[in-house]
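Have a look at model.tsv; it's TSV, C-alpha atoms:
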chain	number	residue	atom	x	y	z
A	1	MET	CA	97.35	116.84	103.25
A	2	LYS	CA	97.11	113.98	105.66
A	3	ALA	CA	99.80	111.31	105.41
A	4	LEU	CA	98.84	108.12	103.60
A	5	GLY	CA	100.72	105.98	106.11
A	6	THR	CA	102.19	105.98	109.59
A	7	HIS	CA	105.47	104.20	110.21
A	8	LEU	CA	106.54	103.43	113.78
A	9	LEU	CA	110.19	102.57	114.42
A	10	LEU	CA	110.71	100.68	117.68
A	11	GLU	CA	114.10	100.59	119.36
A	12	LEU	CA	113.82	97.86	121.98
A	13	LYS	CA	116.78	97.72	124.35
A	14	GLU	CA	117.35	95.77	127.54
A	15	CYS	CA	114.96	93.03	126.45
A	16	ASN	CA	114.91	89.50	127.85
A	17	PRO	CA	117.65	87.83	125.73
A	18	GLU	CA	116.13	84.36	125.98
A	19	LEU	CA	112.85	85.58	124.52
A	20	LEU	CA	114.70	87.30	121.66
A	21	ASP	CA	116.15	83.97	120.54
A	22	ASP	CA	112.86	82.06	120.66
A	23	LEU	CA	111.32	82.05	117.18
A	24	GLU	CA	107.90	80.82	118.25
A	25	TYR	CA	107.72	83.32	121.07
A	26	ILE	CA	108.65	86.18	118.72
A	27	ARG	CA	106.19	85.00	116.10
A	28	ASN	CA	103.38	84.68	118.63
A	29	SER	CA	104.17	88.09	120.13
A	30	LEU	CA	103.91	89.86	116.80
A	31	MET	CA	100.87	87.91	115.61
A	32	GLU	CA	99.10	88.57	118.90
A	33	ALA	CA	100.01	92.27	118.81
A	34	ALA	CA	98.58	92.47	115.29
A	35	ASN	CA	95.45	90.48	116.03
A	36	LYS	CA	94.63	92.25	119.28
A	37	THR	CA	94.83	95.72	117.76
A	38	GLY	CA	92.70	95.27	114.68
A	39	ALA	CA	95.16	94.13	112.01
A	40	THR	CA	94.30	91.49	109.40
A	41	ILE	CA	97.27	89.17	108.79
A	42	ILE	CA	97.67	88.14	105.15
A	43	GLY	CA	101.17	86.65	105.11
A	44	GLN	CA	104.21	86.03	107.31
A	45	SER	CA	107.76	84.72	107.29
A	46	PHE	CA	109.92	84.06	110.38
A	47	HIS	CA	113.46	82.69	110.55
A	48	GLN	CA	115.86	81.59	113.24
A	49	PHE	CA	119.49	82.50	112.67
A	50	SER	CA	122.57	80.64	113.82
A	51	PRO	CA	124.14	81.11	116.29
A	52	GLN	CA	121.31	83.38	117.43
A	53	GLY	CA	118.69	85.93	116.41
A	54	VAL	CA	115.28	85.94	114.78
A	55	THR	CA	113.87	87.85	111.79
A	56	GLY	CA	110.17	88.12	111.16
A	57	VAL	CA	107.99	89.94	108.64
A	58	ILE	CA	104.20	90.02	108.69
A	59	ALA	CA	102.16	91.43	105.81
A	60	ILE	CA	98.84	92.80	107.04
A	61	ALA	CA	95.95	94.25	105.07
A	62	GLU	CA	96.90	97.54	106.70
A	63	SER	CA	100.62	97.21	105.64
A	64	HIS	CA	103.29	95.41	107.75
A	65	LEU	CA	105.07	94.52	111.00
A	66	CYS	CA	108.75	93.48	111.02
A	67	ILE	CA	111.22	92.51	113.73
A	68	HIS	CA	114.92	91.65	113.93
A	69	THR	CA	116.49	90.52	117.18
A	70	TRP	CA	120.03	90.51	118.59
A	71	PRO	CA	119.83	88.36	121.74
A	72	GLU	CA	123.54	88.93	122.39
A	73	PHE	CA	122.80	92.63	122.93
A	74	GLY	CA	119.33	92.26	124.45
A	75	TYR	CA	118.18	94.37	121.51
A	76	ALA	CA	115.43	94.18	118.92
A	77	ALA	CA	114.48	96.51	116.08
A	78	ALA	CA	110.83	96.44	115.06
A	79	ASP	CA	108.75	98.56	112.74
A	80	ILE	CA	105.04	98.85	112.12
A	81	PHE	CA	103.67	100.45	108.98
A	82	THR	CA	99.99	101.17	108.76
A	83	CYS	CA	97.44	102.92	106.61
A	84	GLY	CA	93.75	103.24	107.27
A	85	GLU	CA	91.85	103.59	110.48
A	86	GLY	CA	90.98	100.13	111.78
A	87	PHE	CA	94.38	99.08	113.08
A	88	LYS	CA	95.91	100.74	116.15
A	89	PRO	CA	99.69	100.62	115.57
A	90	LYS	CA	100.70	102.41	118.77
A	91	GLU	CA	98.82	99.88	120.86
A	92	ALA	CA	100.48	97.09	118.88
A	93	ALA	CA	103.88	98.70	119.53
A	94	LEU	CA	103.30	98.77	123.29
A	95	LEU	CA	102.20	95.13	123.27
A	96	ILE	CA	105.50	94.20	121.58
A	97	VAL	CA	107.47	96.28	124.10
A	98	GLY	CA	105.76	94.39	126.89
A	99	SER	CA	106.12	90.94	125.41
A	100	LEU	CA	109.88	91.35	124.94
A	101	GLU	CA	110.20	92.81	128.45
A	102	SER	CA	112.12	95.83	127.14
A	103	LYS	CA	113.29	98.11	129.94
A	104	ASP	CA	114.63	100.84	127.63
A	105	TYR	CA	112.69	101.57	124.47
A	106	SER	CA	111.76	104.34	122.09
A	107	ILE	CA	109.04	104.62	119.50
A	108	THR	CA	109.55	107.05	116.65
A	109	GLU	CA	106.70	107.97	114.34
A	110	VAL	CA	107.41	108.81	110.71
A	111	GLU	CA	104.61	110.08	108.48
A	112	ARG	CA	104.76	108.44	105.06
A	113	GLY	CA	103.22	109.65	101.84
A	114	VAL	CA	102.59	113.27	102.69
A	115	LEU	CA	101.43	114.56	99.30
A	116	PRO	CA	102.16	116.99	97.82
A	117	ALA	CA	105.77	117.18	99.02
A	118	SER	CA	106.18	119.49	101.97
A	119	THR	CA	109.29	120.68	103.72
A	120	TYR	CA	108.39	120.03	107.33
A	121	SER	CA	110.19	117.33	109.28
A	122	PRO	CA	108.18	114.10	109.29
A	123	ILE	CA	109.95	112.83	112.42
A	124	LYS	CA	108.25	112.91	115.80
A	125	GLN	CA	109.57	111.23	118.93
A	126	LEU	CA	106.73	109.56	120.79
A	127	SER	CA	108.45	108.18	123.86
A	128	GLN	CA	111.84	107.20	125.17
B	129	MET	CA	129.45	102.20	118.96
B	130	LYS	CA	128.54	101.33	115.42
B	131	ALA	CA	124.85	100.79	114.69
B	132	LEU	CA	123.70	97.18	114.44
B	133	GLY	CA	121.42	97.97	111.54
B	134	THR	CA	120.72	100.51	108.81
B	135	HIS	CA	117.13	101.32	107.90
B	136	LEU	CA	116.41	103.16	104.65
B	137	LEU	CA	113.00	104.79	104.23
B	138	LEU	CA	112.09	105.43	100.59
B	139	GLU	CA	109.46	107.98	99.67
B	140	LEU	CA	108.70	107.30	96.01
B	141	LYS	CA	106.51	109.95	94.41
B	142	GLU	CA	105.51	110.55	90.80
B	143	CYS	CA	105.93	106.87	89.95
B	144	ASN	CA	104.36	105.14	86.96
B	145	PRO	CA	100.85	104.33	88.33
B	146	GLU	CA	100.37	101.29	86.10
B	147	LEU	CA	103.52	99.68	87.45
B	148	LEU	CA	102.41	100.36	91.04
B	149	ASP	CA	99.29	98.26	90.51
B	150	ASP	CA	101.08	95.29	88.90
B	151	LEU	CA	101.81	92.72	91.61
B	152	GLU	CA	104.22	90.64	89.53
B	153	TYR	CA	106.12	93.71	88.41
B	154	ILE	CA	106.45	94.94	91.99
B	155	ARG	CA	107.50	91.52	93.23
B	156	ASN	CA	110.09	91.14	90.47
B	157	SER	CA	111.43	94.65	91.07
B	158	LEU	CA	112.04	94.02	94.75
B	159	MET	CA	113.40	90.52	94.28
B	160	GLU	CA	115.75	91.73	91.56
B	161	ALA	CA	116.89	94.68	93.66
B	162	ALA	CA	117.64	92.29	96.52
B	163	ASN	CA	119.36	89.67	94.39
B	164	LYS	CA	121.48	92.13	92.40
B	165	THR	CA	122.85	93.83	95.50
B	166	GLY	CA	123.93	90.84	97.54
B	167	ALA	CA	120.87	89.96	99.61
B	168	THR	CA	119.80	86.39	100.33
B	169	ILE	CA	116.00	86.02	100.13
B	170	ILE	CA	114.56	83.67	102.75
B	171	GLY	CA	110.83	84.45	102.58
B	172	GLN	CA	108.31	86.73	100.88
B	173	SER	CA	104.64	87.66	100.79
B	174	PHE	CA	102.97	89.91	98.18
B	175	HIS	CA	99.33	90.89	97.88
B	176	GLN	CA	97.15	92.76	95.42
B	177	PHE	CA	94.48	94.96	96.93
B	178	SER	CA	91.11	95.88	95.49
B	179	PRO	CA	90.42	98.27	93.87
B	180	GLN	CA	94.16	98.94	93.64
B	181	GLY	CA	97.52	98.81	95.41
B	182	VAL	CA	100.13	96.22	96.26
B	183	THR	CA	101.83	95.27	99.54
B	184	GLY	CA	104.98	93.21	99.63
B	185	VAL	CA	107.36	92.04	102.34
B	186	ILE	CA	110.61	90.15	101.75
B	187	ALA	CA	112.60	88.59	104.58
B	188	ILE	CA	116.29	88.43	103.72
B	189	ALA	CA	119.16	86.93	105.67
B	190	GLU	CA	120.34	90.52	106.12
B	191	SER	CA	116.87	91.68	107.42
B	192	HIS	CA	114.02	92.92	105.14
B	193	LEU	CA	112.57	94.87	102.23
B	194	CYS	CA	108.94	96.08	102.25
B	195	ILE	CA	106.79	98.08	99.86
B	196	HIS	CA	103.28	99.51	99.83
B	197	THR	CA	101.88	101.21	96.75
B	198	TRP	CA	99.12	103.75	96.10
B	199	PRO	CA	98.67	103.79	92.31
B	200	GLU	CA	95.95	106.44	92.64
B	201	PHE	CA	98.58	108.86	93.94
B	202	GLY	CA	101.55	107.56	91.93
B	203	TYR	CA	103.15	106.93	95.32
B	204	ALA	CA	104.95	104.05	96.98
B	205	ALA	CA	106.51	103.71	100.42
B	206	ALA	CA	109.38	101.26	100.68
B	207	ASP	CA	111.85	100.44	103.39
B	208	ILE	CA	115.02	98.39	103.48
B	209	PHE	CA	116.51	97.18	106.75
B	210	THR	CA	119.96	95.65	106.71
B	211	CYS	CA	122.66	94.43	109.03
B	212	GLY	CA	126.02	93.07	108.06
B	213	GLU	CA	128.32	93.97	105.22
B	214	GLY	CA	127.46	91.82	102.21
B	215	PHE	CA	124.25	93.51	101.12
B	216	LYS	CA	124.31	97.02	99.61
B	217	PRO	CA	120.98	98.59	100.62
B	218	LYS	CA	121.55	101.98	98.99
B	219	GLU	CA	122.16	100.33	95.64
B	220	ALA	CA	119.01	98.27	96.15
B	221	ALA	CA	117.09	101.47	96.95
B	222	LEU	CA	118.20	103.14	93.72
B	223	LEU	CA	117.23	100.07	91.70
B	224	ILE	CA	113.72	100.27	93.19
B	225	VAL	CA	113.53	104.01	92.42
B	226	GLY	CA	114.44	103.25	88.83
B	227	SER	CA	112.11	100.32	88.38
B	228	LEU	CA	109.09	102.30	89.58
B	229	GLU	CA	110.12	105.27	87.41
B	230	SER	CA	109.87	107.65	90.36
B	231	LYS	CA	110.51	111.25	89.34
B	232	ASP	CA	110.45	112.65	92.87
B	233	TYR	CA	111.96	110.54	95.63
B	234	SER	CA	113.81	110.74	98.90
B	235	ILE	CA	115.84	108.18	100.81
B	236	THR	CA	116.22	108.68	104.54
B	237	GLU	CA	118.73	106.64	106.51
B	238	VAL	CA	117.99	105.73	110.12
B	239	GLU	CA	120.64	104.02	112.21
B	240	ARG	CA	119.12	101.22	114.29
B	241	GLY	CA	120.54	99.61	117.39
B	242	VAL	CA	123.09	102.19	118.42
B	243	LEU	CA	124.23	100.74	121.75
B	244	PRO	CA	124.66	102.04	124.37
B	245	ALA	CA	121.97	104.69	123.98
B	246	SER	CA	123.36	107.98	122.73
B	247	THR	CA	121.68	111.32	122.33
B	248	TYR	CA	122.65	112.20	118.77
B	249	SER	CA	119.99	112.28	116.06
B	250	PRO	CA	119.88	109.02	114.14
B	251	ILE	CA	118.25	110.69	111.13
B	252	LYS	CA	120.25	111.59	108.04
B	253	GLN	CA	118.73	112.73	104.75
B	254	LEU	CA	120.55	111.05	101.86
B	255	SER	CA	118.86	112.58	98.85
B	256	GLN	CA	115.70	114.34	97.80

Would you encode the structure as structure tokens?
Amino acid sequence: MKALGTHLLLELKECNPELLDDLEYIRNSLMEAANKTGATIIGQSFHQFSPQGVTGVIAIAESHLCIHTWPEFGYAAADIFTCGEGFKPKEAALLIVGSLESKDYSITEVERGVLPASTYSPIKQLSQ
Amino acid sequence: MKALGTHLLLELKECNPELLDDLEYIRNSLMEAANKTGATIIGQSFHQFSPQGVTGVIAIAESHLCIHTWPEFGYAAADIFTCGEGFKPKEAALLIVGSLESKDYSITEVERGVLPASTYSPIKQLSQ
């Protein structure tokens, strides 16, 4: 059976550290990635940490986008969960990669909700 | 180097379908799981879908908890991202399993932000 959802895990290394510590930039990057690729935003929460770092979660009609940044390491972890056909999560992922200027990234796809339970590995490496 | 974050992916099958379609129950379950295990909630957004299903995202000082439910399949996908030591994500995961009355679940742990890049597999199956 087809998976109910697709979950992309983004490892974003060698990003621009200044951008990673800019809450409005991070918020705009994720909102723009969602909007440009067909997602419908229904809720969001972004926070600046002290001394540095940003966390953001966006609920979309198609599921969610989240990000957590570590400017001190030039690193951000993002994930995009989607169900349905309208939203293009891989395009959204690449927009986020570009906006954070990541020079070393990977995107891992995890199929979610494969029913009935099967024994195959749900992990597939998309790019590195 | 130690990972910056730990990401738990919860596949929750054979849940109680009525609970999966009850927004307040889902919200309370996640909030309680976060609060009881040391997380500090800083933002949240929950939504009821028509004809059924709930999406919820919680931003915590330690990162995030998200859930998406498919009552028609008795299935929910949740994920818990954490950094730092205070919050106990595996305990939170088991509280969510219990609250949704899942009879068939798995919890997969993914290490996030392992710097510098290494070649080992970040995937470890915790339970099934």

For chain B against chain A, which residues fall within 10 Å using all atoms listed in the file, given as a PyMOL selection string?
-> chain B and resi 132-133+135+137-141+170-177+182-198+201+203-207+209-211+232-233+238+240-245+251

Pairwise distance for atom CA of A:Ile80 and atom CA of A:Leu100, rounded to one decimal in Å |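 For atom CA of A:Ile80 relative to atom CA of A:Leu100, the distance reads 15.6 Å.
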
Give chain A as an mmCIF file with C-alpha atoms, in the coordinates of the input once it has been least-squares superposed onto chain B over every C-alpha atom, paired in order.
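As written to disk, result.cif reads:
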data_model
loop_
_atom_site.group_PDB
_atom_site.id
_atom_site.type_symbol
_atom_site.label_atom_id
_atom_site.label_comp_id
_atom_site.auth_asym_id
_atom_site.auth_seq_id
_atom_site.Cartn_x
_atom_site.Cartn_y
_atom_site.Cartn_z
ATOM 1 C CA MET A 1 129.461 102.209 118.930
ATOM 2 C CA LYS A 2 128.552 101.352 115.396
ATOM 3 C CA ALA A 3 124.866 100.793 114.672
ATOM 4 C CA LEU A 4 123.729 97.185 114.426
ATOM 5 C CA GLY A 5 121.431 97.974 111.509
ATOM 6 C CA THR A 6 120.742 100.512 108.797
ATOM 7 C CA HIS A 7 117.160 101.314 107.883
ATOM 8 C CA LEU A 8 116.421 103.162 104.639
ATOM 9 C CA LEU A 9 113.009 104.796 104.235
ATOM 10 C CA LEU A 10 112.101 105.432 100.596
ATOM 11 C CA GLU A 11 109.471 107.989 99.664
ATOM 12 C CA LEU A 12 108.697 107.308 96.013
ATOM 13 C CA LYS A 13 106.511 109.958 94.403
ATOM 14 C CA GLU A 14 105.518 110.544 90.801
ATOM 15 C CA CYS A 15 105.928 106.867 89.950
ATOM 16 C CA ASN A 16 104.353 105.135 86.960
ATOM 17 C CA PRO A 17 100.852 104.334 88.335
ATOM 18 C CA GLU A 18 100.362 101.293 86.116
ATOM 19 C CA LEU A 19 103.522 99.680 87.456
ATOM 20 C CA LEU A 20 102.415 100.363 91.043
ATOM 21 C CA ASP A 21 99.290 98.263 90.523
ATOM 22 C CA ASP A 22 101.077 95.305 88.929
ATOM 23 C CA LEU A 23 101.819 92.723 91.626
ATOM 24 C CA GLU A 24 104.218 90.647 89.555
ATOM 25 C CA TYR A 25 106.112 93.705 88.414
ATOM 26 C CA ILE A 26 106.450 94.951 92.006
ATOM 27 C CA ARG A 27 107.491 91.528 93.233
ATOM 28 C CA ASN A 28 110.080 91.137 90.487
ATOM 29 C CA SER A 29 111.426 94.650 91.080
ATOM 30 C CA LEU A 30 112.043 94.031 94.757
ATOM 31 C CA MET A 31 113.394 90.507 94.291
ATOM 32 C CA GLU A 32 115.739 91.716 91.565
ATOM 33 C CA ALA A 33 116.886 94.680 93.670
ATOM 34 C CA ALA A 34 117.639 92.279 96.524
ATOM 35 C CA ASN A 35 119.347 89.665 94.391
ATOM 36 C CA LYS A 36 121.466 92.108 92.414
ATOM 37 C CA THR A 37 122.865 93.816 95.499
ATOM 38 C CA GLY A 38 123.936 90.831 97.539
ATOM 39 C CA ALA A 39 120.859 89.967 99.605
ATOM 40 C CA THR A 40 119.799 86.380 100.333
ATOM 41 C CA ILE A 41 116.003 86.023 100.135
ATOM 42 C CA ILE A 42 114.561 83.670 102.753
ATOM 43 C CA GLY A 43 110.841 84.448 102.580
ATOM 44 C CA GLN A 44 108.311 86.725 100.882
ATOM 45 C CA SER A 45 104.646 87.662 100.791
ATOM 46 C CA PHE A 46 102.974 89.908 98.181
ATOM 47 C CA HIS A 47 99.316 90.896 97.898
ATOM 48 C CA GLN A 48 97.150 92.760 95.440
ATOM 49 C CA PHE A 49 94.487 94.981 96.958
ATOM 50 C CA SER A 50 91.114 95.894 95.523
ATOM 51 C CA PRO A 51 90.428 98.291 93.921
ATOM 52 C CA GLN A 52 94.163 98.957 93.666
ATOM 53 C CA GLY A 53 97.529 98.823 95.415
ATOM 54 C CA VAL A 54 100.142 96.226 96.262
ATOM 55 C CA THR A 55 101.850 95.278 99.542
ATOM 56 C CA GLY A 56 104.998 93.218 99.629
ATOM 57 C CA VAL A 57 107.380 92.048 102.344
ATOM 58 C CA ILE A 58 110.611 90.158 101.745
ATOM 59 C CA ALA A 59 112.606 88.596 104.578
ATOM 60 C CA ILE A 60 116.299 88.436 103.712
ATOM 61 C CA ALA A 61 119.170 86.923 105.662
ATOM 62 C CA GLU A 62 120.340 90.503 106.109
ATOM 63 C CA SER A 63 116.879 91.671 107.424
ATOM 64 C CA HIS A 64 114.032 92.901 105.143
ATOM 65 C CA LEU A 65 112.584 94.872 102.221
ATOM 66 C CA CYS A 66 108.957 96.083 102.254
ATOM 67 C CA ILE A 67 106.803 98.084 99.857
ATOM 68 C CA HIS A 68 103.281 99.520 99.833
ATOM 69 C CA THR A 69 101.885 101.218 96.755
ATOM 70 C CA TRP A 70 99.128 103.770 96.115
ATOM 71 C CA PRO A 71 98.672 103.798 92.324
ATOM 72 C CA GLU A 72 95.956 106.449 92.649
ATOM 73 C CA PHE A 73 98.586 108.875 93.960
ATOM 74 C CA GLY A 74 101.545 107.592 91.939
ATOM 75 C CA TYR A 75 103.147 106.942 95.320
ATOM 76 C CA ALA A 76 104.951 104.062 96.980
ATOM 77 C CA ALA A 77 106.515 103.718 100.420
ATOM 78 C CA ALA A 78 109.383 101.253 100.672
ATOM 79 C CA ASP A 79 111.869 100.442 103.387
ATOM 80 C CA ILE A 80 115.037 98.396 103.474
ATOM 81 C CA PHE A 81 116.527 97.180 106.729
ATOM 82 C CA THR A 82 119.957 95.648 106.702
ATOM 83 C CA CYS A 83 122.671 94.426 109.010
ATOM 84 C CA GLY A 84 126.039 93.064 108.033
ATOM 85 C CA GLU A 85 128.319 93.952 105.197
ATOM 86 C CA GLY A 86 127.454 91.790 102.197
ATOM 87 C CA PHE A 87 124.257 93.501 101.099
ATOM 88 C CA LYS A 88 124.317 96.999 99.588
ATOM 89 C CA PRO A 89 120.990 98.586 100.614
ATOM 90 C CA LYS A 90 121.575 101.969 98.978
ATOM 91 C CA GLU A 91 122.165 100.323 95.624
ATOM 92 C CA ALA A 92 119.010 98.264 96.140
ATOM 93 C CA ALA A 93 117.095 101.467 96.946
ATOM 94 C CA LEU A 94 118.208 103.129 93.709
ATOM 95 C CA LEU A 95 117.234 100.052 91.699
ATOM 96 C CA ILE A 96 113.715 100.269 93.175
ATOM 97 C CA VAL A 97 113.538 104.003 92.413
ATOM 98 C CA GLY A 98 114.428 103.241 88.821
ATOM 99 C CA SER A 99 112.099 100.309 88.372
ATOM 100 C CA LEU A 100 109.082 102.305 89.571
ATOM 101 C CA GLU A 101 110.123 105.261 87.396
ATOM 102 C CA SER A 102 109.877 107.662 90.345
ATOM 103 C CA LYS A 103 110.520 111.260 89.322
ATOM 104 C CA ASP A 104 110.453 112.651 92.879
ATOM 105 C CA TYR A 105 111.966 110.532 95.618
ATOM 106 C CA SER A 106 113.814 110.735 98.896
ATOM 107 C CA ILE A 107 115.837 108.192 100.801
ATOM 108 C CA THR A 108 116.227 108.671 104.530
ATOM 109 C CA GLU A 109 118.736 106.642 106.503
ATOM 110 C CA VAL A 110 118.007 105.737 110.114
ATOM 111 C CA GLU A 111 120.669 104.015 112.206
ATOM 112 C CA ARG A 112 119.154 101.226 114.288
ATOM 113 C CA GLY A 113 120.571 99.614 117.385
ATOM 114 C CA VAL A 114 123.117 102.201 118.411
ATOM 115 C CA LEU A 115 124.230 100.755 121.753
ATOM 116 C CA PRO A 116 124.649 102.046 124.358
ATOM 117 C CA ALA A 117 121.905 104.664 124.009
ATOM 118 C CA SER A 118 123.225 107.964 122.754
ATOM 119 C CA THR A 119 121.508 111.289 122.370
ATOM 120 C CA TYR A 120 122.491 112.216 118.843
ATOM 121 C CA SER A 121 119.881 112.294 116.102
ATOM 122 C CA PRO A 122 119.890 109.040 114.131
ATOM 123 C CA ILE A 123 118.234 110.685 111.116
ATOM 124 C CA LYS A 124 120.233 111.579 108.029
ATOM 125 C CA GLN A 125 118.742 112.709 104.733
ATOM 126 C CA LEU A 126 120.549 111.035 101.862
ATOM 127 C CA SER A 127 118.868 112.548 98.833
ATOM 128 C CA GLN A 128 115.718 114.307 97.760
#

Interatomic distance between atom CA of A:Asp22 and atom CA of A:Gly38?
->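 Distance between the two atoms: 24.8 Å.
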
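For the pair atom CA of A:Asn28 and atom CA of A:Ile107, the separation is 20.7 Å.
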
Please report, as lines of an AutoDock Vina configuration file, the centre and edge lengths in Å to one decimal of an axis-aligned box covering all listed atoms of stretch 15-23 of chain A with 3 Å per side.
center_x = 114.5
center_y = 87.5
center_z = 122.5
size_x = 12.3
size_y = 17.0
size_z = 16.7

Tell me, as a VMD selection string, which residues lie within 7 Å of stretch 219-226 of chain B, counting all atoms listed in the file; anything in the same chain fewer than 6 positions away does not count.
-> chain B and resid 140 157 to 158 161 to 162 165

Check the smallest atom-to-atom distance from each of A:Lys90, A:Pro71, A:Lys103, A:Glu85 to A:Glu18 using all atoms listed in the file, then report the winner.
->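 The answer is A:Pro71, which sits nearest to A:Glu18.
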
Hey, could you patch up stretch 38-45 of chain A with all heavy atoms and hand it over as a PDB file, keeping the file's coordinate frame?
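As a result, part.pdb now contains:
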ATOM      1  N   GLY A  38      93.547  95.009 115.849  1.00  0.00           N
ATOM      2  CA  GLY A  38      92.700  95.270 114.680  1.00  0.00           C
ATOM      3  C   GLY A  38      93.314  94.987 113.335  1.00  0.00           C
ATOM      4  O   GLY A  38      92.710  95.290 112.300  1.00  0.00           O
ATOM      5  N   ALA A  39      94.535  94.417 113.302  1.00  0.00           N
ATOM      6  CA  ALA A  39      95.160  94.130 112.010  1.00  0.00           C
ATOM      7  C   ALA A  39      94.624  92.815 111.434  1.00  0.00           C
ATOM      8  O   ALA A  39      94.196  91.928 112.167  1.00  0.00           O
ATOM      9  CB  ALA A  39      96.670  94.043 112.152  1.00  0.00           C
ATOM     10  N   THR A  40      94.685  92.715 110.104  1.00  0.00           N
ATOM     11  CA  THR A  40      94.300  91.490 109.400  1.00  0.00           C
ATOM     12  C   THR A  40      95.557  90.899 108.763  1.00  0.00           C
ATOM     13  O   THR A  40      96.108  91.478 107.819  1.00  0.00           O
ATOM     14  CB  THR A  40      93.255  91.802 108.313  1.00  0.00           C
ATOM     15  OG1 THR A  40      92.134  92.426 108.932  1.00  0.00           O
ATOM     16  CG2 THR A  40      92.830  90.529 107.607  1.00  0.00           C
ATOM     17  N   ILE A  41      96.024  89.772 109.289  1.00  0.00           N
ATOM     18  CA  ILE A  41      97.270  89.170 108.790  1.00  0.00           C
ATOM     19  C   ILE A  41      97.009  88.459 107.463  1.00  0.00           C
ATOM     20  O   ILE A  41      96.073  87.674 107.339  1.00  0.00           O
ATOM     21  CB  ILE A  41      97.821  88.185 109.844  1.00  0.00           C
ATOM     22  CG1 ILE A  41      98.247  88.963 111.102  1.00  0.00           C
ATOM     23  CG2 ILE A  41      99.008  87.391 109.275  1.00  0.00           C
ATOM     24  CD1 ILE A  41      98.600  88.090 112.292  1.00  0.00           C
ATOM     25  N   ILE A  42      97.855  88.763 106.466  1.00  0.00           N
ATOM     26  CA  ILE A  42      97.670  88.140 105.150  1.00  0.00           C
ATOM     27  C   ILE A  42      98.896  87.353 104.706  1.00  0.00           C
ATOM     28  O   ILE A  42      98.863  86.685 103.684  1.00  0.00           O
ATOM     29  CB  ILE A  42      97.295  89.199 104.085  1.00  0.00           C
ATOM     30  CG1 ILE A  42      98.321  90.346 104.034  1.00  0.00           C
ATOM     31  CG2 ILE A  42      95.913  89.750 104.355  1.00  0.00           C
ATOM     32  CD1 ILE A  42      98.006  91.402 102.981  1.00  0.00           C
ATOM     33  N   GLY A  43      99.989  87.422 105.458  1.00  0.00           N
ATOM     34  CA  GLY A  43     101.170  86.650 105.110  1.00  0.00           C
ATOM     35  C   GLY A  43     102.240  86.854 106.170  1.00  0.00           C
ATOM     36  O   GLY A  43     102.211  87.846 106.896  1.00  0.00           O
ATOM     37  N   GLN A  44     103.157  85.879 106.301  1.00  0.00           N
ATOM     38  CA  GLN A  44     104.210  86.030 107.310  1.00  0.00           C
ATOM     39  C   GLN A  44     105.392  85.127 106.995  1.00  0.00           C
ATOM     40  O   GLN A  44     105.230  84.107 106.302  1.00  0.00           O
ATOM     41  CB  GLN A  44     103.670  85.700 108.709  1.00  0.00           C
ATOM     42  CG  GLN A  44     102.869  84.415 108.746  1.00  0.00           C
ATOM     43  CD  GLN A  44     103.350  83.442 109.791  1.00  0.00           C
ATOM     44  OE1 GLN A  44     104.524  83.371 110.120  1.00  0.00           O
ATOM     45  NE2 GLN A  44     102.440  82.638 110.297  1.00  0.00           N
ATOM     46  N   SER A  45     106.552  85.512 107.484  1.00  0.00           N
ATOM     47  CA  SER A  45     107.760  84.720 107.290  1.00  0.00           C
ATOM     48  C   SER A  45     108.691  84.997 108.475  1.00  0.00           C
ATOM     49  O   SER A  45     109.060  86.152 108.727  1.00  0.00           O
ATOM     50  CB  SER A  45     108.423  85.143 105.963  1.00  0.00           C
ATOM     51  OG  SER A  45     109.594  84.412 105.720  1.00  0.00           O
TER      52      SER A  45
END
